[in-house]
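*Asks:* Supplied in structure tokens, the structure appears directly below.
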Number of protein chains: 2
Amino acid sequence: MVKKNLLYAQSGGVTPVINATACGLIETARKNKDKLGKVYAGKDGIIGILNEELIDTGKESKADIAALRHTPGGAFGSCRFKLKGIDENRAQYERLIEVFKAHDIGYFFYNGGGDSADTAYKVSQIGKTLGFPVQCIGVPKTIDNDLPITDNSPGFGSVAKYVAVSILEASLDVESMASSSTKVFVLEVMGRHAGWIAAAGGLAQRKKGDPPHLILFPEIPLDEKAMLAKVDQAVKKYGYCSIVVSEGVRDKKGKFLADSGRRDAFGHAQLGGVAPVVAGMITDALGYKNHWAVSDYLQRSARHIASKNDVEQAYAMGKAAVDLALQGKSGVMPVVVRTSDQPYRWKVGEADIARVANREKMMPRKYISADGFGITAAARRYLEPLIIGEDYPPYDRHGLPKYVHLKNLLVPRKLPRFEL
Amino acid sequence: MVKKNLLYAQSGGVTPVINATACGLIETARKNKDKLGKVYAGKDGIIGILNEELIDTGKESKADIAALRHTPGGAFGSCRFKLKGIDENRAQYERLIEVFKAHDIGYFFYNGGGDSADTAYKVSQIGKTLGFPVQCIGVPKTIDNDLPITDNSPGFGSVAKYVAVSILEASLDVESMASSSTKVFVLEVMGRHAGWIAAAGGLAQRKKGDPPHLILFPEIPLDEKAMLAKVDQAVKKYGYCSIVVSEGVRDKKGKFLADSGRRDAFGHAQLGGVAPVVAGMITDALGYKNHWAVSDYLQRSARHIASKNDVEQAYAMGKAAVDLALQGKSGVMPVVVRTSDQPYRWKVGEADIARVANREKMMPRKYISADGFGITAAARRYLEPLIIGEDYPPYDRHGLPKYVHLKNLLVPRKLPRFEL
């Protein structure tokens with residue numbers, strides 16, 4: 001049997017556990033050296049593949065690869081770069097196949113969200129057309145939890161845990177000072193179109209009156225008057241009001257409350273700073289002193305408070321991707337299948353990447369309470385297992401987590417340069 | 001021997017470990033029941049004492065008091081309320097003594113920063129004048145680390161660890177995406193006049209080129225041109241630039257970059273939102289895409305990532321305060337005395353609260369690098385031991401830390417109401 005090499009790439013925004021997926025993939029490939037060749041990784045994702053900058057993960061020690069399991073960020077680099085349609089830019093697809101050929105790639109693993117599934121799908125198609133079939137496997141990842149088919153997206157559970165723990169802690173702080181100081185606290189979290197991350201804040205609420213008292217979802221156009229009434233009610237009843245707000249909240253006209261006007265490389269609006277907008281609205285109308293926090297990348301990299309279930313699933317997706325490759329599969333993606341809520345049980349399933357591509361899984365309306373400012377029991381049943389368990393990184397003698405920086409040595413080039 | 005009761009109050013901004021101090025104090029008092037009476041706590045700090053709202057901590061179970069050690073926020077409530085000078089408002093001081101008399105208080109423990117030490121000092125003086133001497137013990141606490149005499153302030157070490165871990169993690173995220181996305185990341189941290197917390201971010205830097213690449217201190221007026229040059233250099237050399245900025249950064253004219261115009265009850269400017277100001281400056285001048293985070297109360301309540309040394313010192317201060325009371329002391333405060341940097345060793349010392357009152361310990365200039373954008377080896381030597389060790393709270397089956405909410409039952413009133 002001729003052994004083909006593997007090529008792995010990380011895509012889009014990284015997560016606290018995307019490296020755990022890389023770890024699962026590389027460790028599983030190393031266990032199957034009789035059937036599989038080398039594991040390469042695209043430097044900075046697919047851009048590195050187009051540029052023929054391939055990292056040889058075989059140069060990394062066993063210990064360093066194992067340390068990926070507890071290291072946040074993207075160990076090989078990631079990118080925001082979406083391949084154009086095949087008709088628009090066939091040259092990019094041909095280049096990919098050329099690089100695959102030059103380095104004897106038989107398996108392409110693309111670890112990302114919906115956009116990446118789309119790319120993986122297109123690559124699998126073009127490979128066949130050009131007579132160089134490569135097994136293309138999508139590997140799920142996104143903190144936004146907006147991938148369809150899979151029960152949840154690896155990365156989301158850890159962000160959810162960070163948000164739930166953070167709003168719980170900050171609310172204890174606010175509660176203890178509220179009689180003479182800050183009465184309203186606003187925490188801004190990510191989630192451009194889907195309120196999954198904001199909803200996770202609701203897990204801090206174990207009984208009536210617990211914080212957060214309001215959650216502002218991107219799915220619910222902001223009714224300012226209703227919000228102000230609910231804030232005032234919380235302050236009067238509990239002494240303070242704790243709020244989680246999604247960066248994607250819009251007004252009734254559909255405009256983002258915090259639209260900076262900037263766009264990212266995928267053409268999505270670059271958001272940020274809705275917390276001060278909401279906090280200002282409240283103080284202007286009700287006079288309560290406010291504080292606000294914007295967790296931004298902190299939430300997306302907080303490996304120190306990762307969810308154990310999330311880490312295990314992230315690792316399992318990497319392992320399953322290699323298992324699917326070994327089974328000869330292509331155009332597929334391993335997914336998480338939930339078999340029981342309580343006790344929580346899950347297994348690895350398999351999805352067709354064409355069905356995953358370019359589809360956002362919105363949060364069901366039944367997960368948002370009738371008044372639009374909280375989560376329901378159904379949401380809690382779904383979300384809670386995802387934040388269960390702790391999986392702390394080891395710490396060094398300086399008091400910091402022992403995160404690994406790989407050597408990331410490049411494979412010698414074989415091709416002429418390519419203009420992106 | 002007639003047993004007198006103890007009265008404990010938390011003051012000012014809370015910390016991730018102020019309840020560990022309460023735990024040390026109450027547990028030590030409980031061990032000395034032969035000599036000491038009940039332990040009361042002011043509801044919401046000194047305001048509760050003026051209002052004769054005293055919590056009977058004796059109604060709390062042993063397990064709940066033990067859980068204070070790992071619970072953030074202020075378990076009995078705190079307040080921002082500074083007593084006026086004795087000449088300006090003698091009635092407030094007389095009221096305190098009246099409440100002390102009515103509830104047979106022999107020991108007053110005021111757990112706070114410099115303002116609180118000032119109050120404790122004044123109360124000890126007025127008690128003598130009014131013929132009702134109470135042993136007044138200051139107990140150190142402040143995330144700002146700006147108390148004099150004590151080597152460090154309990155609360156600071158945990159915030160320092162949060163900031164160092166957070167900037168390390170977020171920088172891994174930025175680094176992995178920088179080739180095609182965000183190149184500049186700005187994390188805003190607290191510290192109104194002293195840059196201790198911002199300096200702690202520098203602990204993430206283990207070797208040249210490591211993040212954070214810039215720290216903006218309140219001690220150094222911002223030289224915008226120099227900052228932009230350094231940011232540009234970092235992006236060109238390392239691919240990205242990671243920045244920690246103190247909320248208290250001022251421009252060359254001495255104006256806070258983020259002065260909201262609001263003032264707190266102590267008359268201090270209420271700051272917030274310098275990160276977007278700095279990020280905007282950079283993007284406008286250099287064009288790099290930025291992201292920014294404002295950690296605000298998250299940093300001050302992040303018990304989940306507390307420093308073990310800090311928790312131990314916070315507990316020890318509470319214990320030592322009772323020990324000092326048992327020794328008949330008044331007008332004193334237990335402090336942390338460092339006896340060795342490496343290996344780090346410390347012991348409990350004692351300071352005169354009159355010497356602690358109303359003095360801010362600024363960061364020595366020798367802790368800031370010559371260019372004003374980083375920390376020195378001396379700073380590292382001082383700061384590093386304070387973030388060493390982890391001390392995780394226990395978690396429940398829902399994936400959340402098991403933080404305690406006390407019953408906080410009030411002692412029956414004996415006095416008429418008092419108008420604040």
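Chain labels follow the order of the structure tokens: the first chain is A, the next B, and so on; residue numbering restarts at 1 in every chain, and ligands are counted from 1 in their shown order.
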Which polymer residues have any atom within 12 Å of an atom of B:Glu419, counting only C-alpha atoms, with same-chain residues fewer than 4 positions away left out, as a compact mmCIF listing (two decimals) with N, CA and C atoms, in the first residue's frame?

*Replies:*
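Once written, out06.txt looks like this:
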# COMPACT_ATOMS: atom_id res chain seq x y z
N ILE B 47 -21.86 51.57 56.04
CA ILE B 47 -23.23 52.11 55.95
C ILE B 47 -24.16 51.26 56.82
N LEU B 50 -23.70 52.22 60.47
CA LEU B 50 -24.41 53.47 60.78
C LEU B 50 -25.92 53.24 60.86
N ASN B 51 -26.42 52.35 59.99
CA ASN B 51 -27.85 52.03 59.98
C ASN B 51 -28.23 50.96 61.00
N GLU B 52 -27.28 50.54 61.77
CA GLU B 52 -27.48 49.44 62.74
C GLU B 52 -28.00 48.18 62.06
N ALA B 91 -21.38 63.68 64.09
CA ALA B 91 -22.55 62.83 64.37
C ALA B 91 -22.34 61.40 63.85
N GLN B 92 -21.68 61.26 62.68
CA GLN B 92 -21.45 59.92 62.14
C GLN B 92 -20.55 59.11 63.07
N ARG B 95 -22.41 58.18 66.17
CA ARG B 95 -23.35 57.09 65.87
C ARG B 95 -22.62 55.74 65.87

*Asks:* Identify, on the basis of only C-alpha atoms, every residue whose closest approach to B:Trp346 does not exceed 7 Å; exclude the query and any residue fewer than 2 positions from it along the same chain; express the result as an NGL selection string.

*Replies:* :B and (336-340 or 344)

*Asks:* Write the residues of the preceding selection, restricted to C-alpha atoms, as a tab-separated table (two decimals), in the first residue's frame.

*Replies:*
chain	number	residue	atom	x	y	z
B	336	VAL	CA	2.64	41.05	54.36
B	337	VAL	CA	6.40	41.17	54.92
B	338	ARG	CA	8.54	39.62	52.19
B	339	THR	CA	11.63	37.91	53.49
B	340	SER	CA	12.90	36.40	50.23
B	344	TYR	CA	9.52	33.40	47.74

*Asks:* Which residues, written as a short mmCIF file (atom, residue, chain, number, x, y, z; two decimals) with C-alpha atoms, in the first residue's frame, have at least one atom at most 10 Å from A:Ala379, with only C-alpha atoms counted and residues fewer than 2 positions away on the same chain left out?

*Replies:*
data_model
loop_
_atom_site.label_atom_id
_atom_site.label_comp_id
_atom_site.auth_asym_id
_atom_site.auth_seq_id
_atom_site.Cartn_x
_atom_site.Cartn_y
_atom_site.Cartn_z
CA TRP A 196 -25.75 30.79 21.53
CA ALA A 199 -27.61 32.27 26.01
CA ALA A 200 -24.81 30.45 27.82
CA GLY A 202 -28.12 32.24 31.37
CA LEU A 203 -26.59 29.07 32.83
CA MET A 363 -30.96 29.32 18.06
CA PRO A 364 -34.53 27.97 18.18
CA ARG A 365 -37.05 30.58 19.37
CA LYS A 366 -38.17 28.08 22.00
CA TYR A 367 -34.77 28.53 23.71
CA ILE A 368 -35.55 32.20 24.36
CA SER A 369 -38.09 33.11 27.05
CA GLY A 374 -33.85 35.10 29.07
CA ILE A 375 -33.45 31.41 28.32
CA THR A 376 -35.96 28.61 28.76
CA ALA A 377 -35.70 25.25 30.46
CA ARG A 381 -31.25 21.27 29.02
CA TYR A 382 -29.35 21.65 25.77
CA LEU A 383 -26.62 24.01 26.98
CA GLU A 384 -25.74 22.77 30.42
#

*Asks:* What's the 9 Å shell around stretch 348-362 of chain B, counting only C-alpha atoms, without same-chain residues fewer than 3 positions away, as a ChimeraX atom specification?

*Replies:* /B:113-122,137-138,145-150,193-196,219,313,316-317,320,324,330-338,365

*Asks:* Keeping only C-alpha atoms, write those residues as a compact mmCIF listing (two decimals), in the first residue's frame.

*Replies:*
# COMPACT_ATOMS: atom_id res chain seq x y z
CA GLY B 113 -7.70 50.20 51.33
CA GLY B 114 -6.17 53.51 52.31
CA ASP B 115 -9.49 55.31 52.79
CA SER B 116 -10.65 52.57 55.15
CA ALA B 117 -7.44 52.67 57.15
CA ASP B 118 -8.11 56.38 57.58
CA THR B 119 -11.63 55.67 58.86
CA ALA B 120 -10.41 52.92 61.21
CA TYR B 121 -7.81 55.32 62.57
CA LYS B 122 -10.38 58.07 63.16
CA ILE B 137 -7.79 46.89 63.46
CA GLY B 138 -7.30 47.68 59.79
CA ASN B 145 -1.77 47.18 45.33
CA ASP B 146 -1.36 50.80 46.35
CA LEU B 147 -1.25 50.36 50.13
CA PRO B 148 2.00 51.46 51.74
CA ILE B 149 4.09 49.40 54.19
CA THR B 150 2.61 46.00 53.29
CA HIS B 193 -3.26 56.02 39.56
CA ALA B 194 -0.80 53.18 39.99
CA GLY B 195 0.21 50.83 37.20
CA TRP B 196 0.59 47.70 39.28
CA GLU B 219 2.61 56.81 35.54
CA GLN B 313 -2.16 35.80 52.31
CA ALA B 316 -3.65 34.99 56.87
CA MET B 317 -4.54 38.70 57.14
CA ALA B 320 -3.70 37.87 62.01
CA LEU B 324 -3.67 41.26 67.03
CA SER B 330 -5.50 48.78 68.41
CA GLY B 331 -4.77 51.22 65.61
CA VAL B 332 -2.78 48.55 63.78
CA MET B 333 -3.03 46.53 60.59
CA PRO B 334 -1.49 43.17 59.76
CA VAL B 335 0.74 43.37 56.68
CA VAL B 336 2.64 41.05 54.36
CA VAL B 337 6.40 41.17 54.92
CA ARG B 338 8.54 39.62 52.19
CA ARG B 365 10.03 54.21 38.23

*Asks:* As an exercise, work out the distance from atom CA of A:Glu169 to atom CA of B:His405 in Å and give it to one decimal place.

*Replies:*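 So the answer is 12.1 Å.
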
*Asks:* Can you tell me, as a list in words, which residues in stretch 226-265 of chain A count as strand (DSSP E) by DSSP?

*Replies:*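 Residues of stretch 226-265 of chain A classed as strand (DSSP E): Cys241, Ser242, Ile243, Val244, Val245 and Ser246 of chain A.
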
*Asks:* Need the shell around B:Gln205: protein/DNA/RNA residues with any atom at most 10 Å away, counting only C-alpha atoms. Skip same-chain ones fewer than 2 positions apart. Format as a list of chain:residue names?

*Replies:*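 Final neighbour list, sorted by chain and number: B:Ala164, B:Ile167, B:Leu168, B:Ala200, B:Gly201, B:Gly202, B:Leu203, B:Lys207, B:Lys208, B:Gly209, B:Asp210, B:Pro211, B:Pro212, B:His213, B:Gly374, B:Ile375, B:Arg380.
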
*Asks:* Just give me the gap between atom CA of A:Tyr315 and atom CA of A:Cys23 in Å, one decimal is fine.

*Replies:*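 Between these atoms lies a distance of 6.6 Å.
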
*Asks:* For a quick check of understanding, using only C-alpha atoms, which of B:Val99, B:Val174, B:Leu420, B:Ala63 has the smallest distance to chain A?

*Replies:*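 When distances to chain A are compared using only C-alpha atoms, the smallest one comes from B:Val174.
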